[in-house]
$ cat input.cif   # mmCIF, N, CA and C atoms
data_data
#
loop_
_atom_site.label_atom_id
_atom_site.label_comp_id
_atom_site.auth_asym_id
_atom_site.auth_seq_id
_atom_site.Cartn_x
_atom_site.Cartn_y
_atom_site.Cartn_z
N MET A 1 0.84 -1.19 0.00
CA MET A 1 0.00 0.00 0.00
C MET A 1 0.87 1.24 0.00
N GLY A 2 0.48 2.23 -0.78
CA GLY A 2 1.23 3.50 -0.84
C GLY A 2 0.88 4.37 0.35
N SER A 3 1.69 5.36 0.56
CA SER A 3 1.40 6.27 1.67
C SER A 3 0.23 7.17 1.30
N ILE A 4 -0.55 7.53 2.29
CA ILE A 4 -1.70 8.38 2.06
C ILE A 4 -1.26 9.82 2.29
N GLU A 5 -1.43 10.65 1.27
CA GLU A 5 -1.07 12.06 1.40
C GLU A 5 -2.18 12.79 2.13
N SER A 6 -1.80 13.60 3.08
CA SER A 6 -2.79 14.36 3.84
C SER A 6 -2.74 15.82 3.44
N SER A 7 -3.90 16.39 3.24
CA SER A 7 -3.95 17.82 2.89
C SER A 7 -3.77 18.67 4.14
N GLY A 8 -3.81 18.06 5.30
CA GLY A 8 -3.65 18.81 6.54
C GLY A 8 -4.96 19.36 7.06
N SER A 9 -6.05 19.14 6.32
CA SER A 9 -7.32 19.69 6.80
C SER A 9 -8.26 18.57 7.27
N GLU A 10 -7.74 17.37 7.40
CA GLU A 10 -8.57 16.28 7.90
C GLU A 10 -8.89 16.51 9.37
N VAL A 11 -10.12 16.23 9.74
CA VAL A 11 -10.54 16.46 11.11
C VAL A 11 -10.30 15.20 11.94
N VAL A 12 -9.69 15.39 13.08
CA VAL A 12 -9.51 14.30 14.02
C VAL A 12 -10.62 14.44 15.07
N THR A 13 -11.48 13.42 15.15
CA THR A 13 -12.54 13.42 16.16
C THR A 13 -12.14 12.47 17.27
N ILE A 14 -12.21 12.98 18.49
CA ILE A 14 -11.86 12.18 19.66
C ILE A 14 -13.08 12.05 20.56
N ASP A 15 -13.12 11.01 21.38
CA ASP A 15 -14.27 10.88 22.28
C ASP A 15 -14.08 11.77 23.51
N VAL A 16 -15.13 11.90 24.29
CA VAL A 16 -15.07 12.85 25.42
C VAL A 16 -14.02 12.48 26.46
N GLN A 17 -13.76 11.18 26.63
CA GLN A 17 -12.73 10.79 27.60
C GLN A 17 -11.36 11.28 27.13
N ALA A 18 -11.08 11.10 25.84
CA ALA A 18 -9.80 11.58 25.28
C ALA A 18 -9.75 13.10 25.38
N ALA A 19 -10.89 13.76 25.11
CA ALA A 19 -10.94 15.23 25.20
C ALA A 19 -10.64 15.68 26.63
N LYS A 20 -11.25 15.00 27.60
CA LYS A 20 -11.03 15.36 29.01
C LYS A 20 -9.55 15.20 29.37
N ASP A 21 -8.92 14.13 28.88
CA ASP A 21 -7.50 13.90 29.15
C ASP A 21 -6.64 15.00 28.53
N LEU A 22 -6.98 15.41 27.29
CA LEU A 22 -6.22 16.48 26.63
C LEU A 22 -6.38 17.79 27.39
N LEU A 23 -7.61 18.09 27.83
CA LEU A 23 -7.85 19.33 28.57
C LEU A 23 -7.04 19.34 29.87
N LYS A 24 -6.98 18.16 30.53
CA LYS A 24 -6.20 18.05 31.77
C LYS A 24 -4.72 18.29 31.50
N SER A 25 -4.26 17.91 30.29
CA SER A 25 -2.84 18.02 29.96
C SER A 25 -2.47 19.42 29.46
N GLY A 26 -3.46 20.34 29.42
CA GLY A 26 -3.13 21.72 29.06
C GLY A 26 -3.74 22.23 27.77
N TYR A 27 -4.52 21.41 27.08
CA TYR A 27 -5.19 21.88 25.86
C TYR A 27 -6.22 22.95 26.22
N GLY A 28 -6.45 23.88 25.30
CA GLY A 28 -7.52 24.85 25.46
C GLY A 28 -8.80 24.27 24.87
N TYR A 29 -9.95 24.79 25.32
CA TYR A 29 -11.24 24.32 24.83
C TYR A 29 -11.97 25.47 24.16
N VAL A 30 -12.39 25.25 22.91
CA VAL A 30 -13.16 26.26 22.19
C VAL A 30 -14.60 25.74 22.09
N ASP A 31 -15.49 26.39 22.82
CA ASP A 31 -16.91 26.04 22.81
C ASP A 31 -17.56 26.86 21.71
N VAL A 32 -18.03 26.19 20.64
CA VAL A 32 -18.55 26.91 19.48
C VAL A 32 -20.08 27.04 19.50
N ARG A 33 -20.68 26.75 20.66
CA ARG A 33 -22.14 26.92 20.78
C ARG A 33 -22.48 28.41 20.92
N THR A 34 -23.76 28.72 20.85
CA THR A 34 -24.18 30.11 21.02
C THR A 34 -23.92 30.54 22.46
N VAL A 35 -23.86 31.85 22.66
CA VAL A 35 -23.65 32.39 24.00
C VAL A 35 -24.76 31.91 24.93
N GLU A 36 -26.00 31.84 24.42
CA GLU A 36 -27.14 31.38 25.24
C GLU A 36 -26.92 29.95 25.71
N GLU A 37 -26.48 29.08 24.80
CA GLU A 37 -26.21 27.68 25.19
C GLU A 37 -25.07 27.61 26.20
N TYR A 38 -24.03 28.37 25.94
CA TYR A 38 -22.85 28.37 26.79
C TYR A 38 -23.21 28.78 28.21
N LYS A 39 -24.07 29.81 28.32
CA LYS A 39 -24.45 30.32 29.64
C LYS A 39 -25.26 29.31 30.44
N LYS A 40 -25.94 28.38 29.76
CA LYS A 40 -26.72 27.36 30.48
C LYS A 40 -25.83 26.33 31.15
N GLY A 41 -24.59 26.24 30.69
CA GLY A 41 -23.65 25.29 31.27
C GLY A 41 -22.60 24.94 30.24
N HIS A 42 -21.36 24.70 30.73
CA HIS A 42 -20.28 24.35 29.81
C HIS A 42 -19.25 23.48 30.51
N VAL A 43 -18.37 22.91 29.69
CA VAL A 43 -17.28 22.06 30.18
C VAL A 43 -16.48 22.85 31.22
N ASP A 44 -16.20 22.20 32.33
CA ASP A 44 -15.42 22.85 33.40
C ASP A 44 -13.94 22.60 33.13
N THR A 45 -13.27 23.61 32.59
CA THR A 45 -11.83 23.50 32.32
C THR A 45 -11.21 24.88 32.42
N GLY A 46 -9.93 24.92 32.67
CA GLY A 46 -9.25 26.19 32.90
C GLY A 46 -9.23 27.12 31.71
N LYS A 47 -8.77 26.61 30.56
CA LYS A 47 -8.65 27.46 29.37
C LYS A 47 -9.85 27.23 28.47
N ILE A 48 -10.82 28.13 28.52
CA ILE A 48 -12.02 27.94 27.71
C ILE A 48 -12.41 29.25 27.02
N LEU A 49 -12.78 29.13 25.77
CA LEU A 49 -13.25 30.27 24.98
C LEU A 49 -14.63 29.92 24.44
N ASN A 50 -15.53 30.87 24.44
CA ASN A 50 -16.83 30.67 23.80
C ASN A 50 -16.85 31.54 22.55
N ILE A 51 -16.67 30.91 21.40
CA ILE A 51 -16.70 31.61 20.12
C ILE A 51 -17.73 30.90 19.24
N PRO A 52 -18.95 31.44 19.15
CA PRO A 52 -20.00 30.75 18.40
C PRO A 52 -19.63 30.54 16.93
N TYR A 53 -19.93 29.33 16.43
CA TYR A 53 -19.71 29.02 15.02
C TYR A 53 -20.93 29.43 14.19
N LEU A 54 -22.10 29.28 14.81
CA LEU A 54 -23.35 29.67 14.15
C LEU A 54 -24.11 30.61 15.06
N PHE A 55 -24.89 31.50 14.47
CA PHE A 55 -25.77 32.37 15.23
C PHE A 55 -27.21 31.99 14.92
N ASN A 56 -28.08 32.08 15.91
CA ASN A 56 -29.51 31.90 15.67
C ASN A 56 -30.07 33.23 15.19
N THR A 57 -30.75 33.20 14.04
CA THR A 57 -31.39 34.40 13.52
C THR A 57 -32.84 34.05 13.21
N PRO A 58 -33.69 35.04 12.98
CA PRO A 58 -35.08 34.73 12.61
C PRO A 58 -35.16 33.84 11.37
N GLU A 59 -34.14 33.91 10.50
CA GLU A 59 -34.14 33.09 9.27
C GLU A 59 -33.54 31.71 9.50
N GLY A 60 -33.10 31.44 10.73
CA GLY A 60 -32.44 30.16 11.01
C GLY A 60 -31.00 30.41 11.41
N ARG A 61 -30.23 29.34 11.47
CA ARG A 61 -28.83 29.48 11.90
C ARG A 61 -27.96 29.95 10.75
N VAL A 62 -27.11 30.91 11.02
CA VAL A 62 -26.16 31.40 10.03
C VAL A 62 -24.76 31.33 10.61
N LYS A 63 -23.79 31.08 9.73
CA LYS A 63 -22.40 30.97 10.16
C LYS A 63 -21.89 32.32 10.64
N ASN A 64 -21.14 32.29 11.72
CA ASN A 64 -20.51 33.50 12.25
C ASN A 64 -19.41 33.93 11.27
N PRO A 65 -19.59 35.06 10.59
CA PRO A 65 -18.60 35.47 9.59
C PRO A 65 -17.25 35.83 10.20
N GLN A 66 -17.23 36.10 11.51
CA GLN A 66 -15.98 36.48 12.20
C GLN A 66 -15.31 35.30 12.91
N PHE A 67 -15.86 34.07 12.74
CA PHE A 67 -15.39 32.93 13.53
C PHE A 67 -13.86 32.76 13.48
N LEU A 68 -13.31 32.64 12.27
CA LEU A 68 -11.87 32.40 12.16
C LEU A 68 -11.07 33.58 12.70
N ARG A 69 -11.54 34.79 12.46
CA ARG A 69 -10.84 35.97 12.96
C ARG A 69 -10.84 35.98 14.49
N GLU A 70 -11.99 35.63 15.09
CA GLU A 70 -12.08 35.63 16.56
C GLU A 70 -11.17 34.58 17.18
N VAL A 71 -11.16 33.38 16.58
CA VAL A 71 -10.29 32.32 17.11
C VAL A 71 -8.83 32.73 16.92
N SER A 72 -8.51 33.27 15.74
CA SER A 72 -7.12 33.67 15.45
C SER A 72 -6.63 34.77 16.37
N SER A 73 -7.54 35.64 16.81
CA SER A 73 -7.10 36.72 17.71
C SER A 73 -6.90 36.20 19.13
N ALA A 74 -7.53 35.07 19.47
CA ALA A 74 -7.41 34.52 20.83
C ALA A 74 -6.38 33.40 20.91
N CYS A 75 -6.08 32.76 19.79
CA CYS A 75 -5.22 31.57 19.78
C CYS A 75 -4.16 31.68 18.69
N ASN A 76 -3.07 30.96 18.89
CA ASN A 76 -2.04 30.83 17.85
C ASN A 76 -2.30 29.56 17.06
N LYS A 77 -1.79 29.49 15.84
CA LYS A 77 -2.02 28.30 15.00
C LYS A 77 -1.35 27.06 15.56
N GLU A 78 -0.40 27.24 16.50
CA GLU A 78 0.28 26.08 17.11
C GLU A 78 -0.41 25.65 18.41
N ASP A 79 -1.39 26.43 18.89
CA ASP A 79 -2.05 26.09 20.15
C ASP A 79 -2.70 24.72 20.08
N LEU A 80 -2.71 24.04 21.21
CA LEU A 80 -3.36 22.74 21.34
C LEU A 80 -4.81 23.00 21.72
N LEU A 81 -5.73 22.60 20.86
CA LEU A 81 -7.14 22.93 21.07
C LEU A 81 -8.06 21.74 20.92
N VAL A 82 -9.11 21.75 21.74
CA VAL A 82 -10.24 20.83 21.58
C VAL A 82 -11.43 21.72 21.26
N VAL A 83 -12.19 21.35 20.22
CA VAL A 83 -13.36 22.13 19.82
C VAL A 83 -14.60 21.31 20.14
N GLY A 84 -15.58 21.95 20.80
CA GLY A 84 -16.80 21.23 21.17
C GLY A 84 -18.03 22.08 20.95
N CYS A 85 -19.17 21.40 20.75
CA CYS A 85 -20.46 22.10 20.65
C CYS A 85 -21.47 21.31 21.48
N GLN A 86 -22.72 21.29 21.09
CA GLN A 86 -23.74 20.58 21.86
C GLN A 86 -23.71 19.07 21.60
N SER A 87 -23.64 18.69 20.29
CA SER A 87 -23.71 17.27 19.97
C SER A 87 -22.57 16.79 19.08
N GLY A 88 -21.73 17.71 18.60
CA GLY A 88 -20.60 17.30 17.78
C GLY A 88 -20.71 17.66 16.31
N VAL A 89 -21.83 18.28 15.90
CA VAL A 89 -22.02 18.61 14.48
C VAL A 89 -21.34 19.93 14.13
N ARG A 90 -21.66 20.98 14.88
CA ARG A 90 -21.03 22.29 14.61
C ARG A 90 -19.52 22.24 14.82
N SER A 91 -19.09 21.53 15.86
CA SER A 91 -17.65 21.48 16.15
C SER A 91 -16.89 20.77 15.03
N LEU A 92 -17.54 19.82 14.36
CA LEU A 92 -16.89 19.14 13.23
C LEU A 92 -16.60 20.15 12.12
N SER A 93 -17.59 20.96 11.78
CA SER A 93 -17.40 22.00 10.74
C SER A 93 -16.39 23.04 11.20
N ALA A 94 -16.50 23.46 12.46
CA ALA A 94 -15.58 24.48 12.99
C ALA A 94 -14.14 23.96 12.97
N THR A 95 -13.95 22.71 13.37
CA THR A 95 -12.61 22.11 13.38
C THR A 95 -12.05 22.04 11.97
N ALA A 96 -12.90 21.65 11.01
CA ALA A 96 -12.46 21.58 9.61
C ALA A 96 -12.02 22.96 9.13
N ASP A 97 -12.80 24.00 9.46
CA ASP A 97 -12.44 25.37 9.06
C ASP A 97 -11.11 25.79 9.69
N LEU A 98 -10.93 25.46 10.97
CA LEU A 98 -9.69 25.85 11.66
C LEU A 98 -8.49 25.13 11.05
N ARG A 99 -8.65 23.85 10.73
CA ARG A 99 -7.54 23.10 10.13
C ARG A 99 -7.20 23.66 8.75
N THR A 100 -8.22 23.99 7.98
CA THR A 100 -8.00 24.58 6.66
C THR A 100 -7.29 25.92 6.80
N ALA A 101 -7.58 26.65 7.89
CA ALA A 101 -6.97 27.96 8.13
C ALA A 101 -5.55 27.84 8.69
N GLY A 102 -5.09 26.61 8.93
CA GLY A 102 -3.70 26.42 9.36
C GLY A 102 -3.49 26.05 10.81
N PHE A 103 -4.58 25.86 11.56
CA PHE A 103 -4.44 25.39 12.94
C PHE A 103 -4.11 23.90 12.89
N LYS A 104 -2.96 23.52 13.46
CA LYS A 104 -2.48 22.15 13.28
C LYS A 104 -2.95 21.18 14.37
N GLN A 105 -3.07 21.67 15.59
CA GLN A 105 -3.36 20.79 16.73
C GLN A 105 -4.79 20.99 17.23
N VAL A 106 -5.76 20.77 16.36
CA VAL A 106 -7.16 20.98 16.71
C VAL A 106 -7.88 19.64 16.65
N ASN A 107 -8.59 19.31 17.73
CA ASN A 107 -9.35 18.07 17.78
C ASN A 107 -10.82 18.37 18.00
N ASN A 108 -11.67 17.64 17.28
CA ASN A 108 -13.11 17.77 17.44
C ASN A 108 -13.56 16.81 18.55
N MET A 109 -14.34 17.32 19.51
CA MET A 109 -14.85 16.46 20.58
C MET A 109 -16.16 15.82 20.11
N GLY A 110 -16.09 14.55 19.77
CA GLY A 110 -17.27 13.82 19.31
C GLY A 110 -18.33 13.75 20.40
N GLY A 111 -19.58 13.94 20.00
CA GLY A 111 -20.68 13.85 20.96
C GLY A 111 -20.95 15.15 21.69
N GLY A 112 -19.97 16.05 21.70
CA GLY A 112 -20.16 17.38 22.27
C GLY A 112 -20.50 17.41 23.76
N TYR A 113 -21.07 18.53 24.15
CA TYR A 113 -21.41 18.77 25.56
C TYR A 113 -22.39 17.72 26.08
N ARG A 114 -23.28 17.26 25.19
CA ARG A 114 -24.25 16.23 25.59
C ARG A 114 -23.54 14.97 26.06
N ALA A 115 -22.52 14.54 25.30
CA ALA A 115 -21.76 13.35 25.69
C ALA A 115 -20.97 13.61 26.97
N TRP A 116 -20.45 14.82 27.13
CA TRP A 116 -19.71 15.21 28.34
C TRP A 116 -20.62 15.04 29.56
N LEU A 117 -21.87 15.52 29.41
CA LEU A 117 -22.84 15.38 30.51
C LEU A 117 -23.16 13.91 30.80
N GLU A 118 -23.34 13.12 29.73
CA GLU A 118 -23.66 11.70 29.90
C GLU A 118 -22.57 10.97 30.68
N HIS A 119 -21.32 11.43 30.55
CA HIS A 119 -20.21 10.81 31.28
C HIS A 119 -20.04 11.40 32.69
N HIS A 120 -20.93 12.33 33.05
CA HIS A 120 -20.88 12.96 34.37
C HIS A 120 -19.53 13.64 34.63
N PHE A 121 -18.96 14.24 33.57
CA PHE A 121 -17.71 14.99 33.73
C PHE A 121 -18.06 16.37 34.30
N PRO A 122 -17.07 17.06 34.91
CA PRO A 122 -17.36 18.34 35.57
C PRO A 122 -17.82 19.43 34.60
N VAL A 123 -18.85 20.15 35.03
CA VAL A 123 -19.39 21.25 34.23
C VAL A 123 -19.52 22.49 35.12
N THR A 124 -19.61 23.63 34.46
CA THR A 124 -19.87 24.89 35.15
C THR A 124 -21.23 25.36 34.68
N LYS A 125 -22.14 25.59 35.61
CA LYS A 125 -23.48 26.05 35.27
C LYS A 125 -23.79 27.32 36.03
N PRO A 126 -24.60 28.19 35.44
CA PRO A 126 -24.89 29.47 36.13
C PRO A 126 -25.58 29.25 37.47
N GLU A 127 -26.41 28.19 37.57
CA GLU A 127 -27.12 28.01 38.84
C GLU A 127 -26.16 27.62 39.97
N ASP A 128 -24.95 27.12 39.61
CA ASP A 128 -23.95 26.83 40.65
C ASP A 128 -23.60 28.11 41.39
N ALA A 129 -23.40 29.17 40.63
CA ALA A 129 -23.09 30.47 41.24
C ALA A 129 -24.32 31.01 41.97
N GLY A 130 -25.48 30.84 41.37
CA GLY A 130 -26.73 31.31 41.95
C GLY A 130 -27.04 30.63 43.28
N LYS A 131 -26.80 29.32 43.35
CA LYS A 131 -27.07 28.56 44.57
C LYS A 131 -26.25 29.09 45.73
N LYS A 132 -24.97 29.36 45.46
CA LYS A 132 -24.10 29.88 46.52
C LYS A 132 -24.65 31.20 47.06
N ASN A 133 -25.10 32.06 46.16
CA ASN A 133 -25.66 33.35 46.58
C ASN A 133 -26.92 33.15 47.40
N GLN A 134 -27.76 32.19 46.97
CA GLN A 134 -29.01 31.90 47.70
C GLN A 134 -28.71 31.45 49.12
N GLU A 135 -27.73 30.55 49.25
CA GLU A 135 -27.38 30.05 50.57
C GLU A 135 -26.92 31.19 51.48
N VAL A 136 -26.13 32.09 50.93
CA VAL A 136 -25.65 33.25 51.69
C VAL A 136 -26.84 34.11 52.11
N ASP A 137 -27.76 34.36 51.16
CA ASP A 137 -28.96 35.16 51.47
C ASP A 137 -29.78 34.51 52.58
N GLN A 138 -29.96 33.19 52.51
CA GLN A 138 -30.75 32.49 53.53
C GLN A 138 -30.07 32.58 54.89
N ARG A 139 -28.75 32.48 54.91
CA ARG A 139 -28.00 32.56 56.15
C ARG A 139 -28.18 33.96 56.75
N LYS A 140 -28.08 34.98 55.88
CA LYS A 140 -28.25 36.36 56.35
C LYS A 140 -29.65 36.56 56.93
N LYS A 141 -30.68 36.03 56.26
CA LYS A 141 -32.06 36.15 56.74
C LYS A 141 -32.19 35.52 58.12
N ALA A 142 -31.62 34.32 58.26
CA ALA A 142 -31.68 33.60 59.53
C ALA A 142 -31.00 34.40 60.64
N GLU A 143 -29.86 35.02 60.31
CA GLU A 143 -29.15 35.83 61.30
C GLU A 143 -29.96 37.09 61.66
N ASP A 144 -30.64 37.68 60.69
CA ASP A 144 -31.42 38.87 60.93
C ASP A 144 -32.59 38.58 61.87
N GLU A 145 -33.14 37.35 61.74
CA GLU A 145 -34.30 36.98 62.54
C GLU A 145 -33.90 36.70 64.00
N LEU A 146 -32.63 36.42 64.25
CA LEU A 146 -32.18 36.11 65.61
C LEU A 146 -32.22 37.32 66.52
#
$ encode --input "input.cif" --output "structure tokens"
Amino acid sequence: MGSIESSGSEVVTIDVQAAKDLLKSGYGYVDVRTVEEYKKGHVDTGKILNIPYLFNTPEGRVKNPQFLREVSSACNKEDLLVVGCQSGVRSLSATADLRTAGFKQVNNMGGGYRAWLEHHFPVTKPEDAGKKNQEVDQRKKAEDEL
């Protein structure tokens, strides 16, 4: 068999366990979901960027025309990155675009945030912050009543 020539834009899809291991080893995470989705909860990791690949519009979803520019301004082409979305569809396209643009170490997280949740991996959700505030408020109320 002859060697297979690679154009360099082939997407490498990894499962969530491999993604979690890469994130632990220092990879950055690019969450390409909408800001609304991101705010509902996201992968809990140190280096995380939320750069939407698609926007919801009244006409349906449209590609973010600034996507590559936004990623390029936040990351170098040599950066080690994992790209994720909700189920793995948008991140596949986003990863392909990044590889075509010259990002060499980009991996698509297969299954996306949904698979991350199914594996009970750590997440950050807005209600986590809200709960802490509620507990403090309840404690203050209890102290005021004393």
$ residues_around --input "input.cif" --residues "stretch 82-96 of chain A" --least-positions-apart "5" --cutoff "7 Å" --atoms "all atoms listed in the file" --output "number ranges by chain"
A: 9-11, 19, 27-33, 53, 101, 105-115
$ atom_distance --input "input.cif" --atom1 "atom CA of A:Ser72" --atom2 "atom C of A:Phe55"
20.2 Å
$ closest_residue --input "input.cif" --among "A:Lys47, A:His42, A:Lys77, A:Arg69" --to "A:Trp116" --atoms "only C-alpha atoms"
A:His42
$ atom_distance --input "input.cif" --atom1 "atom C of A:Asp79" --atom2 "atom C of A:Pro126"
29.1 Å
$ select_by_dssp --input "input.cif" --residues "chain A" --states "alpha helix (DSSP H)" --output "PyMOL selection string"
chain A and resi 16-24+35-40+67-74+89-100+112-118+126-145
$ atom_distance --input "input.cif" --atom1 "atom CA of A:Asp44" --atom2 "atom N of A:Val16"
14.2 Å
$ select_by_dssp --input "input.cif" --residues "chain A" --states "strand (DSSP E)" --output "JSON, numbers by chain"
{"A": [12, 13, 14, 28, 29, 30, 31, 42, 43, 48, 49, 50, 54, 55, 56, 57, 60, 61, 62, 63, 81, 82, 83, 84, 106, 107, 108, 109, 123, 124]}
$ closest_residue --input "input.cif" --among "A:Leu81, A:Ile48, A:Leu68, A:Val62" --to "A:Asp97" --atoms "all atoms listed in the file"
A:Leu68
